[in-house]
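**Q** Dropping in target.cif, with mmCIF, C-alpha atoms.
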data_final
#
loop_
_atom_site.group_PDB
_atom_site.id
_atom_site.type_symbol
_atom_site.label_atom_id
_atom_site.label_comp_id
_atom_site.auth_asym_id
_atom_site.auth_seq_id
_atom_site.Cartn_x
_atom_site.Cartn_y
_atom_site.Cartn_z
ATOM 1 C CA MET A 11 -41.234 3.677 -81.989
ATOM 2 C CA THR A 12 -39.000 1.117 -80.440
ATOM 3 C CA THR A 13 -37.158 1.688 -77.148
ATOM 4 C CA ARG A 14 -33.592 0.556 -76.961
ATOM 5 C CA LYS A 15 -32.806 -1.608 -74.040
ATOM 6 C CA LYS A 16 -29.791 -0.629 -72.027
ATOM 7 C CA PRO A 17 -27.100 -3.275 -72.077
ATOM 8 C CA HIS A 18 -27.149 -5.395 -68.930
ATOM 9 C CA HIS A 19 -23.847 -5.689 -67.084
ATOM 10 C CA PRO A 20 -23.524 -8.304 -64.377
ATOM 11 C CA PRO A 21 -22.402 -6.851 -60.992
ATOM 12 C CA GLU A 22 -18.704 -6.932 -60.461
ATOM 13 C CA LYS A 23 -17.538 -9.564 -57.986
ATOM 14 C CA THR A 24 -15.675 -8.404 -54.863
ATOM 15 C CA HIS A 25 -12.072 -9.366 -55.111
ATOM 16 C CA PHE A 26 -11.001 -12.278 -52.916
ATOM 17 C CA LEU A 27 -8.346 -10.155 -51.169
ATOM 18 C CA TRP A 28 -10.969 -7.637 -50.041
ATOM 19 C CA TRP A 29 -12.935 -10.447 -48.420
ATOM 20 C CA CYS A 30 -9.794 -11.641 -46.667
ATOM 21 C CA ALA A 31 -9.037 -8.121 -45.393
ATOM 22 C CA ALA A 32 -12.589 -7.707 -44.106
ATOM 23 C CA ILE A 33 -12.463 -11.056 -42.285
ATOM 24 C CA ILE A 34 -9.074 -10.254 -40.715
ATOM 25 C CA CYS A 35 -10.310 -6.834 -39.538
ATOM 26 C CA SER A 36 -13.383 -8.442 -38.006
ATOM 27 C CA ILE A 37 -11.250 -11.027 -36.196
ATOM 28 C CA LEU A 38 -8.882 -8.348 -34.846
ATOM 29 C CA THR A 39 -11.780 -6.199 -33.678
ATOM 30 C CA LEU A 40 -13.352 -9.167 -31.914
ATOM 31 C CA ALA A 41 -10.009 -10.047 -30.286
ATOM 32 C CA VAL A 42 -9.596 -6.502 -28.962
ATOM 33 C CA ILE A 43 -13.127 -6.517 -27.528
ATOM 34 C CA ILE A 44 -12.601 -9.904 -25.873
ATOM 35 C CA ALA A 45 -9.223 -8.817 -24.434
ATOM 36 C CA GLY A 46 -10.824 -5.672 -23.036
ATOM 37 C CA ILE A 47 -13.612 -7.696 -21.421
ATOM 38 C CA VAL A 48 -11.109 -10.168 -19.915
ATOM 39 C CA ILE A 49 -8.963 -7.370 -18.457
ATOM 40 C CA PHE A 50 -12.030 -5.570 -17.088
ATOM 41 C CA VAL A 51 -13.366 -8.752 -15.495
ATOM 42 C CA GLY A 52 -9.929 -9.499 -14.038
ATOM 43 C CA TYR A 53 -9.758 -5.979 -12.638
ATOM 44 C CA ILE A 54 -13.104 -6.470 -10.922
ATOM 45 C CA VAL A 55 -12.229 -9.959 -9.662
ATOM 46 C CA ILE A 56 -9.112 -8.824 -7.771
ATOM 47 C CA HIS A 57 -11.213 -6.264 -5.841
ATOM 48 C CA PRO A 58 -8.783 -3.380 -6.381
ATOM 49 C CA ARG A 59 -7.842 -0.932 -3.693
ATOM 50 C CA ILE A 60 -5.634 1.699 -5.233
ATOM 51 C CA PRO A 61 -2.076 1.794 -3.771
ATOM 52 C CA ILE A 62 -1.390 4.899 -1.714
ATOM 53 C CA ILE A 63 1.515 6.827 -0.225
ATOM 54 C CA SER A 64 1.169 8.719 3.050
ATOM 55 C CA VAL A 65 3.133 10.393 5.817
ATOM 56 C CA VAL A 66 2.784 8.308 8.976
ATOM 57 C CA ASN A 67 5.193 10.143 11.268
ATOM 58 C CA ALA A 68 7.638 13.042 11.331
ATOM 59 C CA HIS A 69 9.874 15.046 13.652
ATOM 60 C CA LEU A 70 11.541 18.434 13.461
ATOM 61 C CA ASN A 71 15.106 17.582 14.429
ATOM 62 C CA ARG A 72 16.638 20.991 13.833
ATOM 63 C CA PHE A 73 15.443 24.527 13.137
ATOM 64 C CA GLN A 74 18.154 27.120 13.618
ATOM 65 C CA PHE A 75 17.811 30.729 12.560
ATOM 66 C CA ASP A 76 20.662 33.140 13.234
ATOM 67 C CA MET A 77 20.867 36.910 13.405
ATOM 68 C CA GLY A 78 22.238 37.055 9.867
ATOM 69 C CA GLY A 79 18.967 35.686 8.497
ATOM 70 C CA VAL A 80 20.329 32.241 7.669
ATOM 71 C CA LEU A 81 18.208 29.135 8.282
ATOM 72 C CA VAL A 82 19.351 25.536 8.799
ATOM 73 C CA THR A 83 16.756 22.822 9.306
ATOM 74 C CA GLN A 84 16.425 19.032 9.365
ATOM 75 C CA VAL A 85 13.186 17.054 9.325
ATOM 76 C CA SER A 86 12.626 13.328 9.769
ATOM 77 C CA ILE A 87 9.713 12.120 7.626
ATOM 78 C CA ASP A 88 8.335 8.568 7.461
ATOM 79 C CA VAL A 89 6.558 7.890 4.161
ATOM 80 C CA ARG A 90 4.579 4.672 3.833
ATOM 81 C CA SER A 91 3.638 2.970 0.556
ATOM 82 C CA GLU A 92 0.598 0.746 1.013
ATOM 83 C CA ASN A 93 -0.794 -2.071 -1.104
ATOM 84 C CA ASP A 94 -4.088 -3.210 0.416
ATOM 85 C CA ASN A 95 -4.764 -5.582 -2.454
ATOM 86 C CA SER A 96 -4.703 -9.211 -1.290
ATOM 87 C CA LYS A 97 -4.379 -10.662 -4.804
ATOM 88 C CA ALA A 98 -1.644 -8.682 -6.526
ATOM 89 C CA HIS A 99 1.830 -7.320 -5.754
ATOM 90 C CA ALA A 100 2.409 -3.625 -6.423
ATOM 91 C CA SER A 101 5.502 -2.035 -7.885
ATOM 92 C CA PHE A 102 6.307 1.604 -7.160
ATOM 93 C CA SER A 103 8.612 3.884 -9.107
ATOM 94 C CA ARG A 104 9.546 7.540 -9.439
ATOM 95 C CA LEU A 105 8.782 8.453 -5.834
ATOM 96 C CA ASN A 106 9.794 12.097 -5.752
ATOM 97 C CA LEU A 107 8.588 14.471 -3.039
ATOM 98 C CA THR A 108 9.589 18.091 -2.507
ATOM 99 C CA LEU A 109 9.862 19.686 0.927
ATOM 100 C CA ILE A 110 8.845 23.342 0.862
ATOM 101 C CA PHE A 111 9.323 26.094 3.425
ATOM 102 C CA ASP A 112 7.826 29.560 2.921
ATOM 103 C CA ASP A 113 7.405 28.916 -0.844
ATOM 104 C CA MET A 114 11.039 27.730 -1.154
ATOM 105 C CA GLU A 115 11.923 24.226 -2.306
ATOM 106 C CA ILE A 116 14.490 23.202 0.287
ATOM 107 C CA ALA A 117 14.881 19.419 -0.164
ATOM 108 C CA HIS A 118 13.872 16.465 -2.338
ATOM 109 C CA LEU A 119 12.825 13.040 -1.042
ATOM 110 C CA VAL A 120 13.533 10.417 -3.704
ATOM 111 C CA ALA A 121 13.355 6.607 -3.838
ATOM 112 C CA GLY A 122 14.183 4.187 -6.649
ATOM 113 C CA PRO A 123 11.854 1.411 -7.877
ATOM 114 C CA TYR A 124 10.606 -0.964 -5.182
ATOM 115 C CA GLU A 125 8.015 -3.685 -4.631
ATOM 116 C CA VAL A 126 5.233 -3.972 -2.073
ATOM 117 C CA ARG A 127 3.787 -7.424 -1.450
ATOM 118 C CA LYS A 128 0.100 -8.256 -1.335
ATOM 119 C CA ASN A 129 -1.639 -6.713 1.657
ATOM 120 C CA ASP A 130 1.596 -5.133 2.859
ATOM 121 C CA SER A 131 3.394 -1.812 3.144
ATOM 122 C CA VAL A 132 6.902 -0.352 2.963
ATOM 123 C CA VAL A 133 8.085 2.620 5.036
ATOM 124 C CA PHE A 134 10.939 4.919 4.029
ATOM 125 C CA ASN A 135 12.522 7.133 6.669
ATOM 126 C CA PHE A 136 13.703 10.303 4.954
ATOM 127 C CA LEU A 137 16.049 12.673 6.781
ATOM 128 C CA PRO A 138 16.387 15.777 4.607
ATOM 129 C CA THR A 139 18.718 18.508 5.832
ATOM 130 C CA ALA A 140 18.432 21.955 4.297
ATOM 131 C CA GLY A 141 20.705 24.916 4.704
ATOM 132 C CA PRO A 142 22.312 27.232 5.161
ATOM 133 C CA ILE A 143 19.430 29.096 3.494
ATOM 134 C CA PRO A 144 19.677 32.916 3.301
ATOM 135 C CA LEU A 145 16.275 34.525 3.899
ATOM 136 C CA ASP A 146 15.037 37.894 2.722
ATOM 137 C CA MET A 147 13.403 40.368 5.106
ATOM 138 C CA ASN A 148 9.858 39.075 4.538
ATOM 139 C CA GLN A 149 10.951 35.483 5.097
ATOM 140 C CA GLN A 150 12.832 36.471 8.255
ATOM 141 C CA ARG A 151 9.670 38.089 9.607
ATOM 142 C CA ASP A 152 7.716 34.909 8.782
ATOM 143 C CA VAL A 153 10.258 32.805 10.677
ATOM 144 C CA ASP A 154 10.126 35.154 13.693
ATOM 145 C CA VAL A 155 6.329 34.815 13.780
ATOM 146 C CA ALA A 156 6.534 31.022 13.445
ATOM 147 C CA ILE A 157 9.064 30.776 16.280
ATOM 148 C CA ASN A 158 6.981 33.029 18.553
ATOM 149 C CA GLU A 159 3.882 30.942 17.831
ATOM 150 C CA ASP A 160 5.864 27.722 18.329
ATOM 151 C CA LEU A 161 4.468 26.481 15.019
ATOM 152 C CA ILE A 162 6.679 25.579 12.049
ATOM 153 C CA LYS A 163 5.004 24.649 8.758
ATOM 154 C CA PHE A 164 6.388 22.790 5.753
ATOM 155 C CA GLY A 165 4.730 21.842 2.501
ATOM 156 C CA LEU A 166 5.230 18.375 1.023
ATOM 157 C CA LYS A 167 4.336 17.825 -2.622
ATOM 158 C CA GLY A 168 5.071 15.150 -5.199
ATOM 159 C CA ASP A 169 3.999 11.797 -6.494
ATOM 160 C CA ALA A 170 4.879 8.198 -7.241
ATOM 161 C CA LYS A 171 3.821 5.746 -9.909
ATOM 162 C CA ALA A 172 2.292 2.459 -8.806
ATOM 163 C CA ARG A 173 1.488 -0.577 -10.915
ATOM 164 C CA TRP A 174 -0.189 -3.947 -10.402
ATOM 165 C CA ARG A 175 0.618 -6.898 -12.631
ATOM 166 C CA VAL A 176 -2.080 -9.573 -12.591
ATOM 167 C CA GLY A 177 -0.743 -12.638 -14.416
ATOM 168 C CA PRO A 178 -1.835 -12.861 -18.057
ATOM 169 C CA LEU A 179 -4.448 -10.165 -17.558
ATOM 170 C CA GLY A 180 -1.878 -7.403 -17.930
ATOM 171 C CA SER A 181 -1.076 -4.514 -15.593
ATOM 172 C CA PHE A 182 -2.890 -1.571 -14.088
ATOM 173 C CA GLY A 183 -1.125 1.739 -13.452
ATOM 174 C CA PHE A 184 -1.913 4.465 -10.928
ATOM 175 C CA GLN A 185 -0.556 7.892 -10.061
ATOM 176 C CA CYS A 186 -0.180 8.549 -6.319
ATOM 177 C CA HIS A 187 -0.150 12.307 -5.730
ATOM 178 C CA LEU A 188 0.716 13.889 -2.386
ATOM 179 C CA ASP A 189 0.077 17.526 -1.487
ATOM 180 C CA CYS A 190 -0.143 18.407 2.191
ATOM 181 C CA GLN A 191 1.215 20.522 5.032
ATOM 182 C CA LEU A 192 3.388 19.268 7.860
ATOM 183 C CA LYS A 193 3.197 21.157 11.162
ATOM 184 C CA PHE A 194 5.620 20.982 14.082
ATOM 185 C CA HIS A 195 6.125 22.508 17.502
ATOM 186 C CA ARG A 196 9.481 24.216 17.326
ATOM 187 C CA SER A 197 10.028 23.962 21.100
ATOM 188 C CA ASN A 198 10.282 20.155 21.117
ATOM 189 C CA GLY A 199 10.194 19.207 17.430
ATOM 190 C CA SER A 200 6.997 17.180 17.818
ATOM 191 C CA TYR A 201 4.829 16.534 14.776
ATOM 192 C CA ILE A 202 1.213 17.701 14.825
ATOM 193 C CA PRO A 203 -0.569 14.772 13.118
ATOM 194 C CA LYS A 204 -2.780 15.628 10.185
ATOM 195 C CA ARG A 205 -4.097 13.632 7.258
ATOM 196 C CA CYS A 206 -1.382 13.484 4.620
ATOM 197 C CA THR A 207 -2.114 10.820 2.016
ATOM 198 C CA SER A 208 -2.582 10.332 -1.706
ATOM 199 C CA LYS A 209 -5.880 8.528 -1.043
ATOM 200 C CA ALA A 210 -8.877 10.360 -2.446
ATOM 201 C CA LYS A 211 -10.753 12.317 0.225
#
What's the C-alpha coordinates form of this structure?

**A**
Amino acid sequence: MTTRKKPHHPPEKTHFLWWCAAIICSILTLAVIIAGIVIFVGYIVIHPRIPIISVVNAHLNRFQFDMGGVLVTQVSIDVRSENDNSKAHASFSRLNLTLIFDDMEIAHLVAGPYEVRKNDSVVFNFLPTAGPIPLDMNQQRDVDVAINEDLIKFGLKGDAKARWRVGPLGSFGFQCHLDCQLKFHRSNGSYIPKRCTSKAK
(Lines of atoms letter the chains of each structure in order from A and count residues from 1; the text may use other names and numbers.)
(Lines give C-alpha, C1' and ligand atoms only; values in the text may rest on other atoms or scores of the structure.)
Protein backbone atom coordinates (compact mmCIF):
# COMPACT_ATOMS: atom_id res chain seq x y z
CA MET A 1 0.00 0.00 0.00
CA THR A 2 1.45 3.26 -1.09
CA THR A 3 1.17 6.45 0.98
CA ARG A 4 0.37 9.62 -0.85
CA LYS A 5 2.68 12.45 -0.15
CA LYS A 6 1.06 15.72 0.74
CA PRO A 7 1.82 18.44 -1.77
CA HIS A 8 4.59 20.73 -0.55
CA HIS A 9 3.80 24.44 -0.59
CA PRO A 10 6.63 26.90 -0.12
CA PRO A 11 6.03 29.36 2.77
CA GLU A 12 4.43 32.57 1.72
CA LYS A 13 6.78 35.55 1.69
CA THR A 14 5.96 38.52 3.95
CA HIS A 15 4.86 41.42 1.87
CA PHE A 16 7.39 44.24 1.51
CA LEU A 17 4.94 46.79 2.96
CA TRP A 18 4.61 44.78 6.18
CA TRP A 19 8.37 44.87 6.60
CA CYS A 20 8.35 48.62 6.06
CA ALA A 21 5.58 49.08 8.65
CA ALA A 22 7.44 46.96 11.19
CA ILE A 23 10.67 48.92 10.67
CA ILE A 24 8.86 52.27 10.99
CA CYS A 25 7.12 51.15 14.21
CA SER A 26 10.45 50.03 15.64
CA ILE A 27 12.06 53.37 14.77
CA LEU A 28 9.18 55.34 16.34
CA THR A 29 9.29 53.22 19.49
CA LEU A 30 13.04 53.74 19.78
CA ALA A 31 12.62 57.50 19.25
CA VAL A 32 10.01 57.72 22.01
CA ILE A 33 12.26 55.80 24.42
CA ILE A 34 15.26 57.99 23.61
CA ALA A 35 13.19 61.19 23.99
CA GLY A 36 11.93 59.97 27.36
CA ILE A 37 15.47 59.23 28.52
CA VAL A 38 16.71 62.65 27.34
CA ILE A 39 13.88 64.48 29.14
CA PHE A 40 14.42 62.44 32.31
CA VAL A 41 18.17 63.09 32.28
CA GLY A 42 17.54 66.80 31.65
CA TYR A 43 15.10 66.87 34.55
CA ILE A 44 17.73 65.37 36.84
CA VAL A 45 20.50 67.64 35.54
CA ILE A 46 18.67 70.88 36.39
CA HIS A 47 18.31 69.72 40.02
CA PRO A 48 14.61 70.60 40.27
CA ARG A 49 13.07 72.28 43.26
CA ILE A 50 9.35 72.47 42.70
CA PRO A 51 7.99 76.06 42.49
CA ILE A 52 5.84 77.02 45.46
CA ILE A 53 3.35 79.67 46.52
CA SER A 54 3.09 80.82 50.13
CA VAL A 55 1.69 83.54 52.37
CA VAL A 56 4.58 85.60 53.72
CA ASN A 57 2.68 88.34 55.52
CA ALA A 58 -0.84 89.58 56.22
CA HIS A 59 -2.79 92.16 58.19
CA LEU A 60 -6.40 92.52 59.27
CA ASN A 61 -7.17 96.07 58.17
CA ARG A 62 -10.86 96.08 59.00
CA PHE A 63 -13.33 93.88 60.87
CA GLN A 64 -16.60 95.63 61.61
CA PHE A 65 -19.67 93.87 62.92
CA ASP A 66 -22.80 95.89 63.66
CA MET A 67 -25.86 95.22 65.76
CA GLY A 68 -27.84 94.22 62.68
CA GLY A 69 -25.57 91.21 62.15
CA VAL A 70 -23.76 92.64 59.14
CA LEU A 71 -20.01 92.11 58.71
CA VAL A 72 -17.52 94.18 56.69
CA THR A 73 -13.89 93.11 56.58
CA GLN A 74 -10.67 93.82 54.68
CA VAL A 75 -7.48 91.76 54.80
CA SER A 76 -4.07 92.49 53.31
CA ILE A 77 -2.37 89.28 52.16
CA ASP A 78 1.11 88.99 50.62
CA VAL A 79 1.44 85.87 48.46
CA ARG A 80 4.90 84.92 47.21
CA SER A 81 5.64 82.72 44.19
CA GLU A 82 9.09 81.16 44.48
CA ASN A 83 11.33 79.55 41.89
CA ASP A 84 14.39 78.13 43.65
CA ASN A 85 15.68 76.54 40.47
CA SER A 86 18.94 78.14 39.34
CA LYS A 87 18.77 76.73 35.80
CA ALA A 88 15.25 77.38 34.55
CA HIS A 89 12.69 80.20 34.55
CA ALA A 90 9.22 79.36 35.85
CA SER A 91 5.92 80.54 34.45
CA PHE A 92 2.84 80.69 36.67
CA SER A 93 -0.78 80.80 35.59
CA ARG A 94 -4.28 80.44 36.98
CA LEU A 95 -3.44 81.70 40.46
CA ASN A 96 -6.83 81.64 42.12
CA LEU A 97 -7.23 81.68 45.91
CA THR A 98 -10.45 81.88 47.90
CA LEU A 99 -10.73 83.68 51.23
CA ILE A 100 -13.17 81.95 53.56
CA PHE A 101 -14.76 83.13 56.80
CA ASP A 102 -16.96 80.82 58.88
CA ASP A 103 -17.49 78.48 55.88
CA MET A 104 -18.45 81.42 53.62
CA GLU A 105 -16.46 82.31 50.51
CA ILE A 106 -16.06 86.06 50.91
CA ALA A 107 -13.37 87.03 48.36
CA HIS A 108 -11.23 85.72 45.51
CA LEU A 109 -7.53 86.49 45.00
CA VAL A 110 -6.67 86.15 41.32
CA ALA A 111 -3.57 86.87 39.20
CA GLY A 112 -2.98 86.49 35.47
CA PRO A 113 0.00 84.65 33.92
CA TYR A 114 3.42 85.81 35.11
CA GLU A 115 7.07 84.78 35.02
CA VAL A 116 9.53 84.15 37.84
CA ARG A 117 13.23 84.23 36.97
CA LYS A 118 15.77 81.63 38.00
CA ASN A 119 16.39 81.62 41.74
CA ASP A 120 13.91 84.44 42.27
CA SER A 121 10.45 85.20 43.61
CA VAL A 122 7.48 87.47 42.94
CA VAL A 123 5.19 88.85 45.66
CA PHE A 124 1.60 89.93 45.08
CA ASN A 125 -0.09 92.15 47.65
CA PHE A 126 -3.79 91.30 47.65
CA LEU A 127 -6.25 93.60 49.42
CA PRO A 128 -9.62 91.85 49.36
CA THR A 129 -12.56 93.70 50.88
CA ALA A 130 -15.69 91.75 51.73
CA GLY A 131 -19.06 93.03 52.78
CA PRO A 132 -21.57 93.97 53.78
CA ILE A 133 -22.18 90.31 54.64
CA PRO A 134 -25.42 89.45 56.49
CA LEU A 135 -24.82 86.75 59.11
CA ASP A 136 -27.29 84.28 60.54
CA MET A 137 -27.67 83.77 64.29
CA ASN A 138 -25.06 81.00 64.51
CA GLN A 139 -22.54 83.05 62.55
CA GLN A 140 -23.22 86.10 64.73
CA ARG A 141 -22.49 84.02 67.83
CA ASP A 142 -19.25 82.80 66.22
CA VAL A 143 -18.20 86.39 65.52
CA ASP A 144 -19.01 87.45 69.10
CA VAL A 145 -16.82 84.62 70.43
CA ALA A 146 -14.00 85.52 68.03
CA ILE A 147 -14.12 89.18 69.05
CA ASN A 148 -14.13 88.32 72.77
CA GLU A 149 -11.15 86.00 72.27
CA ASP A 150 -9.40 88.62 70.13
CA LEU A 151 -8.81 85.93 67.51
CA ILE A 152 -10.17 86.16 63.96
CA LYS A 153 -9.68 83.19 61.63
CA PHE A 154 -9.88 82.99 57.85
CA GLY A 155 -9.38 80.06 55.53
CA LEU A 156 -7.34 80.45 52.35
CA LYS A 157 -7.66 77.79 49.66
CA GLY A 158 -6.74 77.53 46.00
CA ASP A 159 -3.95 76.77 43.61
CA ALA A 160 -1.76 77.91 40.75
CA LYS A 161 -0.15 76.15 37.83
CA ALA A 162 3.61 76.40 37.44
CA ARG A 163 5.74 75.31 34.51
CA TRP A 164 9.45 75.12 33.69
CA ARG A 165 10.67 75.19 30.11
CA VAL A 166 14.17 73.77 29.71
CA GLY A 167 15.35 74.51 26.16
CA PRO A 168 14.87 71.61 23.74
CA LEU A 169 14.17 69.20 26.57
CA GLY A 170 10.56 70.31 26.83
CA SER A 171 8.62 71.58 29.84
CA PHE A 172 7.66 70.31 33.26
CA GLY A 173 4.35 71.24 34.87
CA PHE A 174 3.39 71.41 38.55
CA GLN A 175 0.26 72.12 40.55
CA CYS A 176 0.79 74.41 43.56
CA HIS A 177 -2.04 73.85 46.04
CA LEU A 178 -2.63 76.07 49.07
CA ASP A 179 -4.93 75.19 51.97
CA CYS A 180 -4.30 76.92 55.28
CA GLN A 181 -5.73 79.10 58.04
CA LEU A 182 -4.87 82.73 58.64
CA LYS A 183 -5.19 84.02 62.21
CA PHE A 184 -5.29 87.64 63.37
CA HIS A 185 -5.62 89.63 66.57
CA ARG A 186 -8.72 91.72 66.09
CA SER A 187 -7.54 94.39 68.56
CA ASN A 188 -4.61 95.53 66.40
CA GLY A 189 -5.03 93.57 63.16
CA SER A 190 -1.68 91.80 63.56
CA TYR A 191 -1.10 88.51 61.76
CA ILE A 192 -0.22 85.44 63.81
CA PRO A 193 2.45 83.78 61.62
CA LYS A 194 1.89 80.16 60.73
CA ARG A 195 3.17 77.94 57.96
CA CYS A 196 1.07 78.57 54.88
CA THR A 197 2.70 77.15 51.76
CA SER A 198 2.09 74.76 48.89
CA LYS A 199 5.40 73.02 49.65
CA ALA A 200 4.95 69.42 50.74
CA LYS A 201 5.21 69.02 54.52

**Q** Let me make sure I understand: among A:Phe182, A:Asp130, A:Phe111, A:Ala100, which one has the smallest atom-to-atom distance to Ala156 of chain A if we use only C-alpha atoms?

**A**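 Using only C-alpha atoms, Ala156 of chain A sits closest to A:Phe111.
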
**Q** Under the PyMOL selection byres ((chain A and resi 124) around 9), which residues of this model are included? Write them out as number ranges by chain.

**A** A: 100-103, 121-123, 125-126, 132

**Q** Pull the neighbourhood of (12.4, 35.0, 8.7) for me: all residues within 10 Å in file coordinates, counting all atoms listed in the file, as a ChimeraX atom specification.

**A** /A:75-77,79-81,112,144-157

**Q** When the PyMOL selection byres ((chain A and resi 61-73) around 7) is applied to the structure above, which residues does it catch, written out as a list in words?

**A**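 So the PyMOL selection byres ((chain A and resi 61-73) around 7), applied here, picks out Arg59, Ile60, Gln74, Phe75, Val82, Thr83, Gln84, Val85, Ser86, Ile87, Asp88, Val89, Arg90, Ser91, Glu92, Asn93, Asp94, Ala172, Cys186, Phe194, Gly199, Ser200, Tyr201, Cys206, Thr207, Ser208 and Lys209 of chain A.
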
**Q** Between atom CA of Gly183 of chain A and atom CA of Cys35 of chain A, what is the spacing in Å?

**A**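 Atom CA of Gly183 of chain A lies 29.0 Å from atom CA of Cys35 of chain A.
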
**Q** Kindly indicate which residue among A:Ile33, A:Leu161, A:Val120, A:Leu40 lies nearest to Lys193 of chain A, using all atoms listed in the file for the distances.

**A**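 Result for the nearest residue to Lys193 of chain A: A:Leu161.
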
**Q** Padding 4 Å on each side, edges along x, y and z: where is the centre of the box around the listed atoms of segment 70-82 of chain A, and how long are its edges in Å to one decimal? Output it as JSON.

**A**
{"center_x": 16.9, "center_y": 27.3, "center_z": 11.0, "size_x": 18.7, "size_y": 27.5, "size_z": 14.8}

**Q** With a distance cut-off of 6 Å and only C-alpha atoms, select the neighbouring residues of Leu166 of chain A, excluding the residue or stretch itself and same-chain residues fewer than 4 positions from it, and output the selection as a VMD selection string.

**A** chain A and resid 108 to 109 189 to 190

**Q** Just to confirm, what's the straight-line distance from atom CA of Ile162 of chain A to atom CA of Gln191 of chain A in Å (one decimal)?

**A** 10.2 Å
